[in-house]
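Q: work_17.txt is the file, holding compact mmCIF, C-alpha atoms:
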```txt
# COMPACT_ATOMS: atom_id res chain seq x y z
CA MET Q 1 -5.60 6.64 -16.30
CA GLN Q 2 -7.85 5.92 -19.26
CA GLN Q 3 -6.28 8.73 -21.22
CA VAL Q 4 -2.91 7.02 -20.96
CA ALA Q 5 -4.43 3.70 -21.99
CA LYS Q 6 -5.85 5.40 -25.07
CA ASN Q 7 -2.44 6.57 -26.12
CA HIS Q 8 -1.17 3.02 -25.81
CA GLU Q 9 -3.57 1.97 -28.56
CA HIS Q 10 -1.97 4.47 -30.89
CA GLY Q 11 1.27 2.53 -30.71
CA HIS Q 12 4.87 3.53 -30.25
CA ALA Q 13 4.58 6.82 -32.10
CA HIS Q 14 3.05 8.28 -28.97
CA ASP Q 15 5.58 6.91 -26.48
CA HIS Q 16 6.91 10.35 -25.80
CA GLU Q 17 3.45 11.72 -25.20
CA HIS Q 18 2.70 8.80 -22.87
CA GLY Q 19 5.64 9.69 -20.63
CA HIS Q 20 4.51 13.28 -20.73
CA GLU Q 21 1.00 12.43 -19.55
CA GLU Q 22 2.30 10.29 -16.72
CA HIS Q 23 4.36 13.27 -15.68
CA GLU Q 24 1.21 15.41 -15.71
CA GLN Q 25 -0.55 12.83 -13.52
CA LEU Q 26 2.28 13.15 -11.02
CA LYS Q 27 1.77 16.90 -11.00
CA VAL Q 28 -1.92 16.42 -10.16
CA LEU Q 29 -0.85 14.25 -7.21
CA GLY Q 30 1.58 16.99 -6.17
CA PHE Q 31 -1.32 19.42 -6.26
CA TRP Q 32 -3.36 17.15 -4.00
CA ILE Q 33 -0.53 17.23 -1.49
CA PHE Q 34 -0.53 21.03 -1.68
CA LEU Q 35 -4.29 21.05 -1.00
CA VAL Q 36 -3.76 18.86 2.06
CA THR Q 37 -1.14 21.28 3.41
CA ASP Q 38 -3.57 24.12 2.72
CA CYS Q 39 -6.12 22.14 4.70
CA ILE Q 40 -3.70 22.17 7.65
CA LEU Q 41 -3.27 25.94 7.25
CA PHE Q 42 -7.02 26.46 7.48
CA GLY Q 43 -7.15 23.96 10.36
CA THR Q 44 -4.78 26.10 12.44
CA LEU Q 45 -6.81 29.22 11.62
CA PHE Q 46 -10.03 27.43 12.64
CA ALA Q 47 -8.32 26.36 15.89
CA THR Q 48 -7.31 29.99 16.54
CA TYR Q 49 -10.87 31.10 15.87
CA ALA Q 50 -12.22 28.47 18.27
CA VAL Q 51 -9.82 29.65 20.98
CA MET Q 52 -10.70 33.33 20.42
CA ASN Q 53 -14.42 32.60 20.13
CA HIS Q 54 -15.41 34.58 23.24
CA SER Q 55 -12.55 37.10 23.40
CA PHE Q 56 -14.51 40.23 22.51
CA ALA Q 57 -12.51 42.57 24.79
CA GLY Q 58 -15.66 44.60 25.46
CA GLY Q 59 -16.15 45.21 21.73
CA PRO Q 60 -18.96 44.05 19.44
CA THR Q 61 -19.72 40.33 19.17
CA GLY Q 62 -20.22 38.32 16.02
CA ALA Q 63 -23.87 37.68 16.78
CA GLU Q 64 -24.49 41.44 16.92
CA LEU Q 65 -22.89 42.25 13.57
CA PHE Q 66 -23.16 39.26 11.23
CA ALA Q 67 -25.70 39.83 8.45
CA LEU Q 68 -26.84 36.41 7.30
CA PRO Q 69 -28.58 37.35 3.99
CA GLY Q 70 -25.30 38.41 2.33
CA VAL Q 71 -23.51 35.36 3.69
CA ILE Q 72 -26.25 33.03 2.45
CA ALA Q 73 -25.98 34.62 -1.01
CA SER Q 74 -22.18 34.12 -0.97
CA THR Q 75 -22.65 30.49 0.04
CA PHE Q 76 -24.96 29.69 -2.87
CA ILE Q 77 -22.79 31.66 -5.29
CA LEU Q 78 -19.68 29.69 -4.32
CA LEU Q 79 -21.62 26.41 -4.36
CA THR Q 80 -22.86 27.12 -7.88
CA SER Q 81 -19.36 28.10 -9.02
CA SER Q 82 -18.04 24.78 -7.70
CA PHE Q 83 -20.68 23.08 -9.87
CA THR Q 84 -19.88 25.17 -12.97
CA SER Q 85 -16.17 24.41 -12.62
CA GLY Q 86 -17.24 20.75 -12.70
CA LEU Q 87 -19.19 21.44 -15.91
CA ALA Q 88 -15.98 22.96 -17.30
CA ILE Q 89 -14.23 19.62 -16.67
CA LEU Q 90 -17.05 17.77 -18.47
CA ALA Q 91 -16.70 20.10 -21.47
CA MET Q 92 -12.94 19.47 -21.44
CA ASN Q 93 -13.47 15.71 -21.43
CA LYS Q 94 -15.66 16.09 -24.51
CA GLY Q 95 -12.88 18.13 -26.12
CA LYS Q 96 -15.03 21.26 -26.47
CA VAL Q 97 -12.64 24.15 -25.86
CA LYS Q 98 -15.21 26.93 -26.36
CA GLU Q 99 -17.67 25.36 -23.94
CA LEU Q 100 -14.82 24.84 -21.47
CA ILE Q 101 -13.76 28.49 -21.66
CA GLY Q 102 -17.42 29.54 -21.34
CA TRP Q 103 -17.90 27.59 -18.09
CA LEU Q 104 -14.58 28.90 -16.74
CA ILE Q 105 -15.79 32.46 -17.41
CA VAL Q 106 -19.09 31.73 -15.61
CA THR Q 107 -17.12 30.26 -12.68
CA ALA Q 108 -14.82 33.31 -12.58
CA LEU Q 109 -17.77 35.74 -12.62
CA LEU Q 110 -19.41 33.87 -9.74
CA GLY Q 111 -16.09 33.97 -7.88
CA LEU Q 112 -15.84 37.68 -8.54
CA SER Q 113 -19.32 38.34 -7.11
CA PHE Q 114 -18.36 36.26 -4.07
CA ILE Q 115 -15.32 38.49 -3.50
CA TYR Q 116 -17.45 41.59 -4.05
CA LEU Q 117 -19.90 40.46 -1.35
CA GLU Q 118 -17.05 39.64 1.03
CA VAL Q 119 -15.38 43.04 0.59
CA THR Q 120 -18.76 44.75 1.09
CA GLU Q 121 -19.26 42.74 4.28
CA PHE Q 122 -15.80 43.66 5.62
CA ILE Q 123 -16.40 47.36 4.90
CA HIS Q 124 -19.76 47.15 6.71
CA LEU Q 125 -18.12 45.44 9.72
CA VAL Q 126 -15.35 48.04 9.94
CA HIS Q 127 -17.95 50.83 9.86
CA GLU Q 128 -19.75 49.11 12.72
CA GLY Q 129 -16.56 49.30 14.75
CA ALA Q 130 -15.17 45.77 14.30
CA THR Q 131 -11.67 46.12 12.84
CA ILE Q 132 -8.91 43.51 12.88
CA ALA Q 133 -7.43 45.29 15.93
CA THR Q 134 -10.68 45.45 17.93
CA SER Q 135 -10.39 42.16 19.80
CA GLY Q 136 -8.96 38.65 19.66
CA PHE Q 137 -12.22 37.46 18.17
CA TRP Q 138 -12.18 39.93 15.27
CA SER Q 139 -8.46 39.32 14.60
CA ALA Q 140 -9.17 35.60 14.31
CA PHE Q 141 -12.28 36.28 12.20
CA TYR Q 142 -10.54 38.54 9.66
CA THR Q 143 -7.53 36.23 9.42
CA LEU Q 144 -9.65 33.13 8.83
CA VAL Q 145 -12.24 34.62 6.45
CA GLY Q 146 -9.64 36.87 4.78
CA THR Q 147 -7.28 33.94 4.07
CA HIS Q 148 -10.13 32.16 2.31
CA GLY Q 149 -11.01 35.31 0.36
CA LEU Q 150 -7.35 35.68 -0.63
CA HIS Q 151 -7.37 32.09 -1.92
CA VAL Q 152 -10.46 32.80 -4.03
CA SER Q 153 -8.86 36.00 -5.40
CA ILE Q 154 -5.67 34.14 -6.36
CA GLY Q 155 -7.88 31.49 -7.97
CA LEU Q 156 -9.51 34.21 -10.11
CA PHE Q 157 -6.15 35.39 -11.50
CA TRP Q 158 -5.14 31.77 -12.09
CA MET Q 159 -8.41 31.13 -13.93
CA LEU Q 160 -7.85 34.17 -16.13
CA ALA Q 161 -4.32 32.93 -16.98
CA ILE Q 162 -5.65 29.49 -17.90
CA ILE Q 163 -8.41 30.96 -20.09
CA ILE Q 164 -5.72 32.89 -21.99
CA GLN Q 165 -3.57 29.75 -22.33
CA LEU Q 166 -6.55 27.73 -23.60
CA ARG Q 167 -7.25 30.41 -26.22
CA ARG Q 168 -3.64 30.33 -27.41
CA ARG Q 169 -2.70 26.65 -27.13
CA GLY Q 170 -6.01 24.80 -27.09
CA LEU Q 171 -6.31 21.47 -25.30
CA THR Q 172 -2.92 19.84 -24.73
CA PRO Q 173 -1.92 17.40 -21.95
CA VAL Q 174 -0.43 20.40 -20.14
CA THR Q 175 -3.48 22.68 -20.36
CA ARG Q 176 -5.71 19.71 -19.44
CA ARG Q 177 -3.70 19.14 -16.30
CA LYS Q 178 -3.87 22.84 -15.45
CA VAL Q 179 -7.68 22.91 -15.78
CA THR Q 180 -7.89 19.73 -13.66
CA THR Q 181 -5.81 21.19 -10.82
CA LEU Q 182 -7.68 24.50 -11.01
CA SER Q 183 -11.03 22.77 -10.61
CA LEU Q 184 -9.69 20.71 -7.68
CA TYR Q 185 -8.54 23.98 -6.08
CA TRP Q 186 -11.97 25.53 -6.63
CA HIS Q 187 -13.86 22.57 -5.12
CA PHE Q 188 -11.45 22.70 -2.17
CA LEU Q 189 -12.23 26.39 -1.59
CA ASP Q 190 -15.93 25.57 -1.60
CA VAL Q 191 -15.34 22.89 1.06
CA VAL Q 192 -13.42 25.40 3.23
CA TRP Q 193 -16.25 27.90 2.82
CA ILE Q 194 -18.86 25.36 3.95
CA PHE Q 195 -16.99 24.99 7.24
CA LEU Q 196 -16.55 28.77 7.50
CA PHE Q 197 -20.26 29.26 6.90
CA THR Q 198 -21.18 26.62 9.48
CA VAL Q 199 -18.65 27.42 12.21
CA VAL Q 200 -18.29 31.18 11.88
CA TYR Q 201 -21.66 32.40 10.66
CA LEU Q 202 -24.31 29.81 11.55
CA MET Q 203 -22.85 29.00 14.96
CA GLY Q 204 -21.96 32.69 15.37
CA VAL Q 205 -25.55 33.92 15.15
CA MET Q 206 -27.02 31.16 17.33
CA MET P 207 -22.61 8.06 -8.51
CA ALA P 208 -19.23 7.72 -10.17
CA ASN P 209 -20.37 5.60 -13.07
CA HIS P 210 -17.15 5.83 -15.04
CA GLY P 211 -17.27 2.12 -15.81
CA ASN P 212 -20.13 2.28 -18.32
CA HIS P 213 -19.19 5.65 -19.77
CA SER P 214 -16.04 4.62 -21.54
CA SER P 215 -16.81 6.29 -24.89
CA HIS P 216 -16.14 9.94 -24.20
CA ALA P 217 -16.46 10.79 -20.50
CA GLU P 218 -12.83 9.97 -20.04
CA SER P 219 -12.37 9.78 -16.30
CA HIS P 220 -13.99 12.58 -14.43
CA GLY P 221 -17.58 11.54 -13.86
CA SER P 222 -20.70 12.40 -15.81
CA LEU P 223 -23.20 15.24 -15.94
CA LYS P 224 -25.52 13.11 -13.83
CA SER P 225 -23.01 12.73 -11.00
CA TYR P 226 -22.31 16.48 -11.00
CA VAL P 227 -26.02 17.35 -10.92
CA ILE P 228 -26.66 14.87 -8.07
CA GLY P 229 -23.69 16.33 -6.17
CA PHE P 230 -24.97 19.87 -6.71
CA ILE P 231 -28.50 19.04 -5.52
CA LEU P 232 -27.15 17.21 -2.45
CA SER P 233 -24.95 20.22 -1.62
CA ILE P 234 -27.92 22.58 -1.84
CA VAL P 235 -30.05 20.34 0.39
CA LEU P 236 -27.18 20.02 2.90
CA THR P 237 -26.87 23.84 2.98
CA VAL P 238 -30.59 24.56 3.31
CA ILE P 239 -31.20 22.13 6.22
CA PRO P 240 -28.70 23.79 8.61
CA LEU P 241 -29.98 27.23 7.57
CA VAL P 242 -33.56 26.30 8.44
CA LEU P 243 -32.44 24.74 11.73
CA VAL P 244 -30.54 27.87 12.77
CA MET P 245 -33.27 30.31 11.73
CA ASN P 246 -36.16 28.45 13.39
CA PRO P 247 -34.61 26.45 16.21
CA LEU P 248 -36.35 23.11 16.52
CA PHE P 249 -33.78 21.37 18.71
CA SER P 250 -31.71 22.43 21.69
CA LYS P 251 -28.54 24.42 21.05
CA THR P 252 -26.21 21.43 21.43
CA ALA P 253 -28.31 19.25 19.15
CA THR P 254 -28.34 22.00 16.50
CA TYR P 255 -24.54 22.39 16.77
CA ILE P 256 -24.04 18.67 16.23
CA THR P 257 -26.57 18.47 13.37
CA ILE P 258 -25.13 21.38 11.38
CA MET P 259 -21.56 20.05 11.86
CA ILE P 260 -22.69 16.67 10.53
CA MET P 261 -24.30 18.43 7.54
CA ALA P 262 -21.02 20.27 6.83
CA ILE P 263 -19.01 17.04 7.02
CA LEU P 264 -21.52 15.29 4.74
CA GLN P 265 -21.19 18.12 2.26
CA PHE P 266 -17.41 17.76 2.38
CA VAL P 267 -17.88 14.07 1.53
CA VAL P 268 -20.27 14.98 -1.33
CA GLN P 269 -17.68 17.37 -2.82
CA LEU P 270 -14.94 14.76 -2.46
CA PHE P 271 -16.89 11.99 -4.18
CA PHE P 272 -19.06 13.78 -6.74
CA PHE P 273 -16.85 16.74 -7.67
CA MET P 274 -13.26 15.87 -6.76
CA HIS P 275 -13.57 12.20 -7.81
CA ILE P 276 -11.58 10.84 -4.94
CA ARG P 277 -12.47 7.26 -5.89
CA GLU P 278 -10.80 7.49 -9.26
CA GLY P 279 -7.12 7.40 -10.01
CA GLU P 280 -4.35 4.87 -10.06
CA LYS P 281 -4.11 2.24 -7.44
CA PRO P 282 -1.91 3.13 -4.66
CA ARG P 283 -4.12 6.15 -3.97
CA TRP P 284 -1.51 8.42 -2.50
CA ASN P 285 -3.91 11.34 -2.59
CA VAL P 286 -6.35 9.57 -0.25
CA GLN P 287 -3.55 8.58 2.12
CA THR P 288 -2.21 12.14 2.18
CA LEU P 289 -5.71 13.46 2.81
CA ILE P 290 -6.19 11.09 5.77
CA LEU P 291 -2.88 12.23 7.28
CA GLY P 292 -3.88 15.88 6.71
CA LEU P 293 -7.30 15.40 8.32
CA PHE P 294 -5.66 13.67 11.28
CA ILE P 295 -3.36 16.67 11.80
CA VAL P 296 -6.27 19.12 11.42
CA LEU P 297 -8.46 17.24 13.91
CA THR P 298 -5.57 17.05 16.40
CA ILE P 299 -4.91 20.80 16.15
CA ILE P 300 -8.56 21.85 16.41
CA GLY P 301 -9.64 19.19 18.91
CA GLY P 302 -6.54 19.75 21.04
CA SER P 303 -7.02 23.52 21.10
CA ILE P 304 -10.68 23.28 22.09
CA TRP P 305 -9.86 20.65 24.72
CA ILE P 306 -7.15 22.78 26.32
CA MET P 307 -9.30 25.91 26.30
CA ALA P 308 -12.15 24.03 27.96
CA PHE P 309 -9.98 23.89 31.12
CA ASN P 310 -9.02 27.55 30.91
CA VAL P 311 -12.31 29.14 31.92
```
Would you mind writing the file's structure down as structure tokens?
A:
Amino acid sequence: MQQVAKNHEHGHAHDHEHGHEEHEQLKVLGFWIFLVTDCILFGTLFATYAVMNHSFAGGPTGAELFALPGVIASTFILLTSSFTSGLAILAMNKGKVKELIGWLIVTALLGLSFIYLEVTEFIHLVHEGATIATSGFWSAFYTLVGTHGLHVSIGLFWMLAIIIQLRRRGLTPVTRRKVTTLSLYWHFLDVVWIFLFTVVYLMGVM
Amino acid sequence: MANHGNHSSHAESHGSLKSYVIGFILSIVLTVIPLVLVMNPLFSKTATYITIMIMAILQFVVQLFFFMHIREGEKPRWNVQTLILGLFIVLTIIGGSIWIMAFNV
């Protein structure tokens, strides 16, 4: 990419670094392939949900229990966090480490409030008598939504680790690559949530 | 849009503030429209289903282009090819499951 071309201008002194950056590019591609496999994972869970869509086994239905206000709040929170992780990338491209860490912290806090809302929702649902063992529908629901929530939670720990690394090592080709893959992961989780929001919640309450 | 061509000075490869802001605004609009349609139904149920699915797919495209910068990168774009394969598998699994279940009622 352009970064590599820049190193070329510096001459042969940076040959080693050049090879290193190409290696980092390859790792970003590897991460893309991981995201695609993750896409297939969510695809199978969506398929399960579609199959179990009317299997309530006499228990509560989604339309009865879903509370849209909380879900709408989660949607906008995750959407904004996807944007702020993009702003983190812009700060990184300008070489501003402090600004980068700042946007990562904002993104992590938004992610944390998303998880908080999701846990609150699950607790509410269980109190209303919809546990993972209630019916095929609720099993599929908790597996699908819970897998996404688990991804976001893992992303939060990963973000924390990268913030610590950025504090210690600053911007190197390696930390740059890590921030790049993290932001790809975060955008991907937002995309999955959009489909969750549409298929599970919006279509669920109709 | 991805105006990386005329931003060579410091915005190294991953878009500009403008492209992120446009992407963000588009995402918000594409979230609000389905919400309004579901809360005050204007169309029939089937038409609403189709419209909100289209909005979700459009938003996926917005994230891919404005946030994930799918158009950038070195020339054989292996990431795009992998993504197409992945989407094909996902559509087969979901479409196939729904199709089979449609004959199970």
Q: Please measure the separation of CA of Ile239 (chain P) and CA of Thr84 (chain Q), giving the value in Å to one decimal.
A: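 Taking CA of Ile239 (chain P) and CA of Thr84 (chain Q), their separation equals 22.5 Å.
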Q: Quote the spacing between CA of Ser55 (chain Q) and CA of Pro247 (chain P) in Å to one decimal place.
A: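 Spanning CA of Ser55 (chain Q) to CA of Pro247 (chain P) is a straight-line distance of 25.5 Å.
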Q: Write out as lines of an AutoDock Vina configuration file an axis-aligned box for region 153-170 of chain Q: all of its atoms listed in the file, 8 Å added on each side, centre and edge lengths in Å with one decimal.
A:
```
center_x = -6.1
center_y = 30.4
center_z = -16.4
size_x = 22.8
size_y = 27.2
size_z = 38.0
```
Q: Compile a residue-level contact table for chain Q against chain P at a cut-off of 9 Å, reporting for every qualifying residue the shortest atom pair and its distance in Å to one decimal, with all atoms listed in the file counted, rows ordered by chain and ascending number, as a tab-separated table.
A:
```
residue	atom	partner	partner_atom	distance
Q:Met1	CA	P:Gly279	CA	6.5
Q:Gln2	CA	P:Glu218	CA	6.5
Q:Gln3	CA	P:Glu218	CA	6.8
Q:Leu29	CA	P:Asn285	CA	6.3
Q:Gly30	CA	P:Asn285	CA	8.7
Q:Trp32	CA	P:Asn285	CA	6.0
Q:Ile33	CA	P:Thr288	CA	6.5
Q:Leu35	CA	P:Leu289	CA	8.6
Q:Val36	CA	P:Gly292	CA	5.5
Q:Thr37	CA	P:Gly292	CA	6.9
Q:Cys39	CA	P:Gly292	CA	6.9
Q:Ile40	CA	P:Val296	CA	5.5
Q:Leu41	CA	P:Val296	CA	8.5
Q:Phe42	CA	P:Val296	CA	8.4
Q:Gly43	CA	P:Val296	CA	5.0
Q:Thr44	CA	P:Ile299	CA	6.5
Q:Leu45	CA	P:Ile300	CA	9.0
Q:Phe46	CA	P:Ile300	CA	6.9
Q:Ala47	CA	P:Ile300	CA	4.5
Q:Thr48	CA	P:Ser303	CA	7.9
Q:Ala50	CA	P:Ile304	CA	6.6
Q:Val51	CA	P:Ile304	CA	6.5
Q:Ile72	CA	P:Leu241	CA	8.6
Q:Thr75	CA	P:Thr237	CA	8.4
Q:Phe76	CA	P:Ile234	CA	7.8
Q:Leu79	CA	P:Ser233	CA	7.5
Q:Thr80	CA	P:Phe230	CA	7.6
Q:Ser82	CA	P:Phe273	CA	8.1
Q:Phe83	CA	P:Phe230	CA	6.2
Q:Gly86	CA	P:Phe273	CA	6.4
Q:Leu87	CA	P:Leu223	CA	7.4
Q:Ile89	CA	P:His220	CA	7.4
Q:Leu90	CA	P:Ser222	CA	7.0
Q:Asn93	CA	P:Ala217	CA	5.8
Q:Lys94	CA	P:His216	CA	6.2
Q:Ser183	CA	P:Met274	CA	8.2
Q:Leu184	CA	P:Met274	CA	6.1
Q:His187	CA	P:Gln269	CA	6.8
Q:Phe188	CA	P:Gln269	CA	8.2
Q:Asp190	CA	P:Gln269	CA	8.5
Q:Val191	CA	P:Phe266	CA	5.7
Q:Val192	CA	P:Phe266	CA	8.7
Q:Ile194	CA	P:Ala262	CA	6.2
Q:Phe195	CA	P:Ala262	CA	6.2
Q:Thr198	CA	P:Ile258	CA	6.8
Q:Val199	CA	P:Met259	CA	7.9
Q:Leu202	CA	P:Val244	CA	6.6
Q:Met203	CA	P:Tyr255	CA	7.1
Q:Val205	CA	P:Val244	CA	8.2
Q:Met206	CA	P:Val244	CA	6.6
```
Q: Kindly give the distance, in Å, that separates CA of Leu26 (chain Q) and CA of Thr181 (chain Q), rounded to a single decimal.
A: 11.4 Å
Q: Show which residues sit within 8 Å of Ala130 (chain Q), as a list of chain:residue names. Count only C-alpha atoms, and ignore same-chain residues fewer than 4 positions away.
A: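 Surrounding residues, per the criterion: Q:Gly59, Q:Pro60, Q:Leu125, Q:Val126, Q:Thr134, Q:Trp138.
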Q: Give as an MDAnalysis selection string every residue, naming chains and numbers as the document does, that has an atom within 10 Å of (-13.4, 34.3, 14.7), counting only C-alpha atoms.
A: chainID Q and resid 45:56 61:62 135:145 196 199:201 204
Q: Write out as an MDAnalysis selection string which residues come within 8 Å of region 151-155 of chain Q when counting all atoms listed in the file, dropping same-chain ones fewer than 6 positions away.
A: chainID Q and resid 111:112 115 182 185:186 189
Q: Residues at most 6 Å from region 102-107 of chain Q, counting all atoms listed in the file, excluding those fewer than 3 positions away in the same chain, as number ranges by chain?
A: Q: 81, 84-85, 88, 99, 110
Q: Which one is closest to Trp193 (chain Q): Q:Leu100, Q:Ile163, Q:Ala73, Q:Leu78? Count all atoms listed in the file.
A: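 Of Q:Leu100, Q:Ile163, Q:Ala73, Q:Leu78, the one nearest Trp193 (chain Q), counting all atoms listed in the file, is Q:Leu78.
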Q: So, with only C-alpha atoms as the atoms that count, which of P:Leu264, P:Pro282, P:Phe271, P:Ile276 lies closest to Val235 (chain P)?
A: P:Leu264
